[in-house]
Amino acid sequence: MSADLRNIAIIAHVDHGKTTLVDQLFRQSGTFRDNQRVEERAMDSNDLEKERGITILAKPTSIVWEGLRINIVDTPGHADFGAEVERILSMVDGVILLVDSAEGAMPQTKFVTGKALALGLKPIVVVNKIDRPDGRADEVLDEIFDLFVSLDANDEQLDFPTLYASGRNGYASEDINAREGDLTPMFKLIRDHVPSPGLDEDAPFSFLATLLDRDNFMGRVLTGRVQSGVIRTNDPIRAIDADGKVVETGRASKLLSFRGLERVPVDEARAGDIIALAGMEKATVSNTIADPSVSEPIAAQPIDPPTLAMRFSVNDSPYAGREGDKVTSRMIRDRLTREAETNVAIRVTESADKDSFEVAGRGELQLGVLIETMRREGFELGISRPRVIFSTDEDGNRTEPYETVVIDVDDEYSGTVVEKMQRRKADLTEMRPSGVGKTRIAFSAPSRGLIGYHGEFLSDTRGTGIMNRLFEKYGPYKGPIEGRQNGVLISNATGDAVGYALGGLEERGVLFVSPQEKLYEGMIIGENAKPEDLEVNPLKSKQLTNFRSTGKDDALRLTPPTRMTLEQAIAYIDDDEMVEVTPQNIRLRKALLDPNERKKAKRKVDA
């Protein structure tokens, strides 16, 4: 069986065309019927994945080409979901490294490729989007070779096969000038270059849990590759942790195999198969599920520690409970516990007052995706400013997380970017031209300094800059870092915003609200042009008189308000502020709504 089986993962950076290429592999292998209506980017099945154009959840799938079964794992390309990628690589025998012909190898590509090379996998390099007018395939290939050398690739790995492809147009070729054809060369290369699993079917059954999700009917469902032996439905099994301790015993109540986009029930699975298994209540990612006679766990990738935390609290604004139906701390606790159960990169701890929870994860995007998902499910939440998780080294010195930041920017903005990054305690590690009037700049920066910078970065580069971040290490504490430069405009009353009042406030700064919007005391309605906070009355209406005036008062023209996305709002707020998240609105507010309470708290801080 395993001679007719290949397990591969696709590694690529965000937006380099990975999911689109998998769509074409589906079509050309006959997984989709010719007349079958299939959504574009079928592998991105989650609503947020479709909207953002990124892959968030790792998903195995399976295609059959000329009698050969190819299990493909479409992996996340964003650094915040790196925990998924590392574990997936232990399920596969080969990887396809997909690189954009213009952008070249990016930081996340480097991170995952390094993990793949360390596991001894031999990559197939595919230079995608070969038909881009600004493509530079030869240079990109040289960059990949240099990258492999810097990642200590061995001679076999450096002798990698290369294909030039257009995932969108569905062709691949060994010829750099090809602009038509199909994906047959890719199928052949997978068959000839990627080894079959070659695992022992006669040994006792063992399986390493790599992914975890929950099904309403089956309970916990663990996905991974069968490392040895054969498993049949209802066979006795047990879960053991990395230290060899038994977590639980049970039976394999359901076995599921991947066929195209479907998970279909099967009666048995053999060494090398990627399957999903139900029947365990406590087993989790990195546990070994095995025959009761097995006592040695399978070596598993450790789960990277969280680097960023936010406080999720019950919404206590005057409008709480009007827009969502899940508002109590018990509901929030149950939802976060469920998330931590299936998303092993997230850690949840309850506060002493039981009304808030500290949620730690790998980055702003990962936690932002969780908050957005909960918001769509009907939750109302108060979210604090993100804070980094500090640690200490062997000598007892304080350390903090650092990130590798790679920025592609038009030459004219490079000076501004370097200056702003250095003010945020980042060290410049590389600066070089990347063609067509652009510069690539690399920094090693403390994560603390990057919180809230992305919006400012887009303004500084007129929306043309591209920033990519990747967790690098825990390094020495860099001392205080300057935060937001401007204060905010705070509403001093509760009610509906009045256009006349907002017109008078426009000269004070940038407004975040429009007329008729519901406001409350302590809510942030705009950014002050000066550094201090300012309390204002956005409900003041025009005093009526007997005199008629012509012209000037009738034509009130308000500038459209600035609307922030969830991630922008979370990055914008200061330590004494919160984001109120409901299914219908994202509002910024002070953590303490009462102005007297705020003054008391400020006096305490100053003292």
# chains A, B, ... in the order shown; residues from 1 in each chain; ligands from 1
>>> residues_around(residues="region 429-439 of chain A", least_positions_apart="6", cutoff="6 Å", atoms="only C-alpha atoms", output="PyMOL selection string")
chain A and resi 408-411
>>> select_by_dssp(residues="region 281-364 of chain A", states="alpha helix (DSSP H)", output="compact mmCIF listing (two decimals) with all heavy atoms, in the first residue's frame")
# COMPACT_ATOMS: atom_id res chain seq x y z
N SER A 329 -19.41 35.96 32.04
CA SER A 329 -18.05 35.43 32.19
C SER A 329 -18.03 33.91 32.01
O SER A 329 -17.06 33.34 31.53
CB SER A 329 -17.46 35.81 33.56
OG SER A 329 -18.26 35.31 34.59
N ARG A 330 -19.13 33.24 32.41
CA ARG A 330 -19.18 31.78 32.25
C ARG A 330 -19.12 31.39 30.77
O ARG A 330 -18.39 30.47 30.38
CB ARG A 330 -20.46 31.23 32.90
CG ARG A 330 -20.58 29.71 32.81
CD ARG A 330 -21.91 29.23 33.40
NE ARG A 330 -23.06 29.83 32.74
CZ ARG A 330 -23.54 29.41 31.55
NH1 ARG A 330 -22.94 28.43 30.90
NH2 ARG A 330 -24.60 29.99 31.02
N MET A 331 -19.88 32.11 29.94
CA MET A 331 -19.88 31.81 28.50
C MET A 331 -18.50 32.07 27.89
O MET A 331 -18.02 31.30 27.05
CB MET A 331 -20.92 32.67 27.78
CG MET A 331 -22.35 32.27 28.05
SD MET A 331 -23.49 33.48 27.32
CE MET A 331 -25.03 32.59 27.40
N ILE A 332 -17.88 33.19 28.32
CA ILE A 332 -16.55 33.52 27.79
C ILE A 332 -15.54 32.47 28.23
O ILE A 332 -14.72 32.01 27.43
CB ILE A 332 -16.12 34.94 28.24
CG1 ILE A 332 -17.06 35.99 27.65
CG2 ILE A 332 -14.68 35.23 27.83
CD1 ILE A 332 -16.90 37.38 28.24
N ARG A 333 -15.62 32.05 29.51
CA ARG A 333 -14.69 31.03 30.01
C ARG A 333 -14.83 29.72 29.22
O ARG A 333 -13.84 29.13 28.79
CB ARG A 333 -14.95 30.75 31.50
CG ARG A 333 -13.96 29.74 32.09
CD ARG A 333 -14.41 29.14 33.42
NE ARG A 333 -14.66 30.15 34.42
CZ ARG A 333 -15.88 30.46 34.89
NH1 ARG A 333 -16.96 29.81 34.45
NH2 ARG A 333 -16.03 31.39 35.80
N ASP A 334 -16.08 29.28 29.01
CA ASP A 334 -16.31 28.01 28.28
C ASP A 334 -15.74 28.09 26.87
O ASP A 334 -15.12 27.15 26.38
CB ASP A 334 -17.81 27.69 28.22
CG ASP A 334 -18.37 27.33 29.60
OD1 ASP A 334 -17.55 27.14 30.52
OD2 ASP A 334 -19.61 27.27 29.74
N ARG A 335 -15.96 29.26 26.23
CA ARG A 335 -15.49 29.40 24.82
C ARG A 335 -13.97 29.41 24.76
O ARG A 335 -13.37 28.77 23.88
CB ARG A 335 -16.07 30.69 24.24
CG ARG A 335 -15.61 31.00 22.81
CD ARG A 335 -16.11 29.95 21.84
NE ARG A 335 -15.69 30.20 20.49
CZ ARG A 335 -14.51 29.86 19.98
NH1 ARG A 335 -13.63 29.21 20.73
NH2 ARG A 335 -14.20 30.12 18.73
N LEU A 336 -13.33 30.12 25.69
CA LEU A 336 -11.85 30.18 25.69
C LEU A 336 -11.25 28.83 26.05
O LEU A 336 -10.22 28.43 25.49
CB LEU A 336 -11.37 31.26 26.65
CG LEU A 336 -11.66 32.71 26.24
CD1 LEU A 336 -11.25 33.68 27.33
CD2 LEU A 336 -10.95 33.06 24.92
N THR A 337 -11.88 28.11 26.97
CA THR A 337 -11.39 26.77 27.34
C THR A 337 -11.46 25.84 26.14
O THR A 337 -10.55 25.06 25.87
CB THR A 337 -12.24 26.19 28.50
OG1 THR A 337 -12.25 27.14 29.57
CG2 THR A 337 -11.67 24.88 29.00
N ARG A 338 -12.57 25.96 25.39
CA ARG A 338 -12.73 25.13 24.19
C ARG A 338 -11.66 25.47 23.15
O ARG A 338 -11.12 24.59 22.48
CB ARG A 338 -14.14 25.39 23.62
CG ARG A 338 -14.74 24.23 22.90
CD ARG A 338 -16.25 24.34 22.75
NE ARG A 338 -16.65 25.43 21.87
CZ ARG A 338 -17.44 26.43 22.26
NH1 ARG A 338 -17.89 26.47 23.49
NH2 ARG A 338 -17.77 27.38 21.42
N GLU A 339 -11.35 26.76 23.03
CA GLU A 339 -10.32 27.19 22.06
C GLU A 339 -8.95 26.66 22.47
O GLU A 339 -8.19 26.15 21.65
CB GLU A 339 -10.29 28.72 22.00
CG GLU A 339 -9.33 29.29 20.98
CD GLU A 339 -9.75 29.03 19.54
OE1 GLU A 339 -10.96 28.87 19.28
OE2 GLU A 339 -8.85 28.96 18.67
N ALA A 340 -8.63 26.77 23.78
CA ALA A 340 -7.31 26.32 24.25
C ALA A 340 -7.16 24.81 24.09
O ALA A 340 -6.05 24.30 23.93
CB ALA A 340 -7.13 26.71 25.71
N GLU A 341 -8.29 24.11 24.11
CA GLU A 341 -8.27 22.65 23.97
C GLU A 341 -7.82 22.24 22.57
O GLU A 341 -7.08 21.29 22.40
CB GLU A 341 -9.70 22.14 24.24
CG GLU A 341 -9.81 20.68 24.56
CD GLU A 341 -11.26 20.32 24.88
OE1 GLU A 341 -11.71 20.56 26.01
OE2 GLU A 341 -11.93 19.82 23.97
N THR A 342 -8.29 22.98 21.56
CA THR A 342 -7.98 22.60 20.17
C THR A 342 -6.83 23.42 19.58
O THR A 342 -6.23 23.01 18.61
CB THR A 342 -9.21 22.77 19.26
OG1 THR A 342 -9.66 24.12 19.33
CG2 THR A 342 -10.33 21.86 19.68
N GLU A 364 -0.25 39.12 17.42
CA GLU A 364 -1.46 39.92 17.33
C GLU A 364 -2.47 39.33 16.35
O GLU A 364 -3.67 39.35 16.60
CB GLU A 364 -1.12 41.35 16.88
CG GLU A 364 -0.44 42.19 17.96
CD GLU A 364 0.15 43.47 17.37
OE1 GLU A 364 -0.61 44.38 17.06
OE2 GLU A 364 1.39 43.54 17.24
>>> closest_atom_pairs(of="region 172-222 of chain A", to="region 4-20 of chain A", cutoff="12 Å", atoms="only C-alpha atoms", output="Markdown table")
| residue | atom | partner | partner_atom | distance |
| --- | --- | --- | --- | --- |
| A:Phe187 | CA | A:Arg6 | CA | 10.6 |
| A:Lys188 | CA | A:Arg6 | CA | 11.6 |
| A:Leu189 | CA | A:Arg6 | CA | 11.2 |
| A:Ile190 | CA | A:Arg6 | CA | 7.6 |
| A:Arg191 | CA | A:Arg6 | CA | 7.2 |
| A:Asp192 | CA | A:Arg6 | CA | 10.0 |
| A:His193 | CA | A:Arg6 | CA | 9.9 |
| A:Val194 | CA | A:Arg6 | CA | 6.7 |
| A:Pro195 | CA | A:Arg6 | CA | 6.9 |
| A:Ser196 | CA | A:Arg6 | CA | 5.3 |
| A:Pro197 | CA | A:Arg6 | CA | 6.9 |
| A:Gly198 | CA | A:Leu5 | CA | 9.5 |
| A:Leu199 | CA | A:Leu5 | CA | 11.4 |
>>> write_last_selection(atoms="all heavy atoms", output="mmCIF file, in the first residue's frame")
data_model
loop_
_atom_site.group_PDB
_atom_site.id
_atom_site.type_symbol
_atom_site.label_atom_id
_atom_site.label_comp_id
_atom_site.auth_asym_id
_atom_site.auth_seq_id
_atom_site.Cartn_x
_atom_site.Cartn_y
_atom_site.Cartn_z
ATOM 1 N N PHE A 187 3.244 16.378 -10.905
ATOM 2 C CA PHE A 187 2.819 15.061 -10.430
ATOM 3 C C PHE A 187 3.957 14.044 -10.571
ATOM 4 O O PHE A 187 4.224 13.255 -9.660
ATOM 5 C CB PHE A 187 1.603 14.574 -11.225
ATOM 6 C CG PHE A 187 0.303 15.263 -10.875
ATOM 7 C CD1 PHE A 187 -0.402 15.982 -11.817
ATOM 8 C CD2 PHE A 187 -0.221 15.173 -9.586
ATOM 9 C CE1 PHE A 187 -1.606 16.615 -11.493
ATOM 10 C CE2 PHE A 187 -1.423 15.800 -9.254
ATOM 11 C CZ PHE A 187 -2.110 16.515 -10.208
ATOM 12 N N LYS A 188 4.650 14.077 -11.719
ATOM 13 C CA LYS A 188 5.749 13.117 -11.953
ATOM 14 C C LYS A 188 6.884 13.331 -10.963
ATOM 15 O O LYS A 188 7.480 12.384 -10.454
ATOM 16 C CB LYS A 188 6.269 13.262 -13.395
ATOM 17 C CG LYS A 188 5.335 12.661 -14.440
ATOM 18 C CD LYS A 188 5.924 12.787 -15.831
ATOM 19 C CE LYS A 188 5.040 12.090 -16.858
ATOM 20 N NZ LYS A 188 5.466 12.388 -18.237
ATOM 21 N N LEU A 189 7.187 14.598 -10.701
ATOM 22 C CA LEU A 189 8.293 14.919 -9.787
ATOM 23 C C LEU A 189 7.955 14.471 -8.359
ATOM 24 O O LEU A 189 8.817 13.946 -7.642
ATOM 25 C CB LEU A 189 8.580 16.421 -9.825
ATOM 26 C CG LEU A 189 9.908 16.900 -9.247
ATOM 27 C CD1 LEU A 189 11.084 16.119 -9.831
ATOM 28 C CD2 LEU A 189 10.110 18.378 -9.507
ATOM 29 N N ILE A 190 6.697 14.635 -7.959
ATOM 30 C CA ILE A 190 6.283 14.163 -6.626
ATOM 31 C C ILE A 190 6.451 12.641 -6.556
ATOM 32 O O ILE A 190 6.967 12.102 -5.570
ATOM 33 C CB ILE A 190 4.820 14.576 -6.329
ATOM 34 C CG1 ILE A 190 4.716 16.097 -6.164
ATOM 35 C CG2 ILE A 190 4.288 13.858 -5.075
ATOM 36 C CD1 ILE A 190 3.286 16.628 -6.130
ATOM 37 N N ARG A 191 6.045 11.958 -7.617
ATOM 38 C CA ARG A 191 6.150 10.487 -7.630
ATOM 39 C C ARG A 191 7.601 10.029 -7.563
ATOM 40 O O ARG A 191 7.953 9.114 -6.826
ATOM 41 C CB ARG A 191 5.487 9.945 -8.914
ATOM 42 C CG ARG A 191 5.544 8.429 -9.049
ATOM 43 C CD ARG A 191 5.093 7.990 -10.426
ATOM 44 N NE ARG A 191 6.012 8.491 -11.453
ATOM 45 C CZ ARG A 191 5.728 8.546 -12.755
ATOM 46 N NH1 ARG A 191 4.536 8.169 -13.186
ATOM 47 N NH2 ARG A 191 6.611 8.995 -13.625
ATOM 48 N N ASP A 192 8.485 10.715 -8.338
ATOM 49 C CA ASP A 192 9.864 10.228 -8.467
ATOM 50 C C ASP A 192 10.791 10.754 -7.378
ATOM 51 O O ASP A 192 11.769 10.105 -7.023
ATOM 52 C CB ASP A 192 10.427 10.630 -9.846
ATOM 53 C CG ASP A 192 9.600 10.050 -10.997
ATOM 54 O OD1 ASP A 192 8.902 9.041 -10.750
ATOM 55 O OD2 ASP A 192 9.627 10.606 -12.107
ATOM 56 N N HIS A 193 10.512 11.947 -6.831
ATOM 57 C CA HIS A 193 11.461 12.578 -5.905
ATOM 58 C C HIS A 193 11.110 12.345 -4.432
ATOM 59 O O HIS A 193 11.991 12.239 -3.582
ATOM 60 C CB HIS A 193 11.524 14.088 -6.184
ATOM 61 C CG HIS A 193 12.541 14.810 -5.361
ATOM 62 N ND1 HIS A 193 13.894 14.743 -5.614
ATOM 63 C CD2 HIS A 193 12.398 15.619 -4.265
ATOM 64 C CE1 HIS A 193 14.547 15.479 -4.719
ATOM 65 N NE2 HIS A 193 13.662 16.021 -3.883
ATOM 66 N N VAL A 194 9.801 12.296 -4.137
ATOM 67 C CA VAL A 194 9.383 12.123 -2.731
ATOM 68 C C VAL A 194 9.341 10.632 -2.417
ATOM 69 O O VAL A 194 8.702 9.864 -3.134
ATOM 70 C CB VAL A 194 7.993 12.766 -2.483
ATOM 71 C CG1 VAL A 194 7.536 12.544 -1.050
ATOM 72 C CG2 VAL A 194 8.031 14.253 -2.810
ATOM 73 N N PRO A 195 10.016 10.189 -1.354
ATOM 74 C CA PRO A 195 10.001 8.754 -1.036
ATOM 75 C C PRO A 195 8.638 8.314 -0.509
ATOM 76 O O PRO A 195 7.890 9.114 0.065
ATOM 77 C CB PRO A 195 11.074 8.625 0.061
ATOM 78 C CG PRO A 195 11.181 9.980 0.669
ATOM 79 C CD PRO A 195 10.830 10.968 -0.409
ATOM 80 N N SER A 196 8.288 7.035 -0.701
ATOM 81 C CA SER A 196 7.085 6.498 -0.050
ATOM 82 C C SER A 196 7.378 6.385 1.443
ATOM 83 O O SER A 196 8.546 6.341 1.845
ATOM 84 C CB SER A 196 6.725 5.148 -0.646
ATOM 85 O OG SER A 196 7.792 4.242 -0.413
ATOM 86 N N PRO A 197 6.340 6.341 2.303
ATOM 87 C CA PRO A 197 6.594 6.364 3.748
ATOM 88 C C PRO A 197 7.540 5.275 4.236
ATOM 89 O O PRO A 197 8.354 5.520 5.132
ATOM 90 C CB PRO A 197 5.195 6.207 4.351
ATOM 91 C CG PRO A 197 4.267 6.744 3.305
ATOM 92 C CD PRO A 197 4.897 6.419 1.993
ATOM 93 N N GLY A 198 7.458 4.063 3.653
ATOM 94 C CA GLY A 198 8.400 2.993 4.025
ATOM 95 C C GLY A 198 8.373 2.648 5.505
ATOM 96 O O GLY A 198 9.412 2.413 6.125
ATOM 97 N N LEU A 199 7.171 2.642 6.112
ATOM 98 C CA LEU A 199 7.055 2.356 7.538
ATOM 99 C C LEU A 199 6.640 0.899 7.755
ATOM 100 O O LEU A 199 6.124 0.241 6.853
ATOM 101 C CB LEU A 199 6.035 3.316 8.179
ATOM 102 C CG LEU A 199 6.393 4.800 8.061
ATOM 103 C CD1 LEU A 199 5.212 5.677 8.444
ATOM 104 C CD2 LEU A 199 7.590 5.145 8.935
#
>>> residues_around(residues="region 480-495 of chain A", least_positions_apart="5", cutoff="10 Å", atoms="only C-alpha atoms", output="ChimeraX atom specification")
/A:318,423-425,446,448-453,456,505,508-512,516-540,571-575,588-590,593-595
>>> atom_distance(atom1="CA of Ala352 (chain A)", atom2="CA of Gly396 (chain A)")
27.6 Å
>>> closest_atom_pairs(of="region 160-257 of chain A", to="region 271-283 of chain A", cutoff="7 Å", atoms="only C-alpha atoms", output="JSON lines")
{"residue": "A:Pro197", "atom": "CA", "partner": "A:Gly272", "partner_atom": "CA", "distance": 5.3}
{"residue": "A:Leu199", "atom": "CA", "partner": "A:Ala271", "partner_atom": "CA", "distance": 5.7}
{"residue": "A:Asp200", "atom": "CA", "partner": "A:Ala271", "partner_atom": "CA", "distance": 6.4}
{"residue": "A:Glu201", "atom": "CA", "partner": "A:Ala271", "partner_atom": "CA", "distance": 5.4}
{"residue": "A:Met218", "atom": "CA", "partner": "A:Ala278", "partner_atom": "CA", "distance": 6.2}
{"residue": "A:Gly219", "atom": "CA", "partner": "A:Ala278", "partner_atom": "CA", "distance": 7.0}
{"residue": "A:Arg220", "atom": "CA", "partner": "A:Ala278", "partner_atom": "CA", "distance": 6.1}
{"residue": "A:Val221", "atom": "CA", "partner": "A:Ala278", "partner_atom": "CA", "distance": 4.8}
{"residue": "A:Leu222", "atom": "CA", "partner": "A:Leu277", "partner_atom": "CA", "distance": 5.2}
{"residue": "A:Thr223", "atom": "CA", "partner": "A:Ala276", "partner_atom": "CA", "distance": 4.2}
{"residue": "A:Gly224", "atom": "CA", "partner": "A:Ile274", "partner_atom": "CA", "distance": 5.6}
{"residue": "A:Arg225", "atom": "CA", "partner": "A:Ile274", "partner_atom": "CA", "distance": 4.3}
{"residue": "A:Val226", "atom": "CA", "partner": "A:Ala271", "partner_atom": "CA", "distance": 4.8}
{"residue": "A:Gln227", "atom": "CA", "partner": "A:Ala271", "partner_atom": "CA", "distance": 5.3}
{"residue": "A:Ser228", "atom": "CA", "partner": "A:Ala271", "partner_atom": "CA", "distance": 4.6}
{"residue": "A:Gly229", "atom": "CA", "partner": "A:Ala271", "partner_atom": "CA", "distance": 5.5}
{"residue": "A:Val230", "atom": "CA", "partner": "A:Ala271", "partner_atom": "CA", "distance": 6.3}
{"residue": "A:Ala239", "atom": "CA", "partner": "A:Ala283", "partner_atom": "CA", "distance": 6.0}
{"residue": "A:Val247", "atom": "CA", "partner": "A:Ala283", "partner_atom": "CA", "distance": 6.5}
{"residue": "A:Glu248", "atom": "CA", "partner": "A:Lys282", "partner_atom": "CA", "distance": 6.8}
{"residue": "A:Gly250", "atom": "CA", "partner": "A:Met280", "partner_atom": "CA", "distance": 6.3}
{"residue": "A:Arg251", "atom": "CA", "partner": "A:Gly279", "partner_atom": "CA", "distance": 5.8}
{"residue": "A:Ala252", "atom": "CA", "partner": "A:Gly279", "partner_atom": "CA", "distance": 5.2}
{"residue": "A:Ser253", "atom": "CA", "partner": "A:Gly279", "partner_atom": "CA", "distance": 4.8}
{"residue": "A:Lys254", "atom": "CA", "partner": "A:Ala278", "partner_atom": "CA", "distance": 5.1}
{"residue": "A:Leu255", "atom": "CA", "partner": "A:Leu277", "partner_atom": "CA", "distance": 4.9}
{"residue": "A:Leu256", "atom": "CA", "partner": "A:Ala276", "partner_atom": "CA", "distance": 5.0}
{"residue": "A:Ser257", "atom": "CA", "partner": "A:Ile275", "partner_atom": "CA", "distance": 4.8}
>>> closest_residue(among="A:Asp213, A:Glu358, A:Asp182, A:Glu394", to="Asn169 (chain A)", atoms="only C-alpha atoms")
A:Asp182
>>> residues_around(residues="region 380-389 of chain A", least_positions_apart="6", cutoff="9 Å", atoms="only C-alpha atoms", output="ChimeraX atom specification")
/A:306-317,320-321,323-328,332,356,360,364,371,374,400-401,447-448,451,570-583,591
>>> closest_residue(among="A:Glu419, A:Lys473, A:Asp138, A:Ser459", to="Ser444 (chain A)", atoms="only C-alpha atoms")
A:Lys473
>>> atom_distance(atom1="CA of Val64 (chain A)", atom2="CA of Ala116 (chain A)")
24.5 Å
>>> select_by_dssp(residues="region 372-468 of chain A", states="strand (DSSP E or B)", output="ChimeraX atom specification")
/A:379,381-384,387-388,391-392,398-410,427-435,438-446,466-468
>>> atom_distance(atom1="CA of Phe111 (chain A)", atom2="CA of Leu470 (chain A)")
8.0 Å
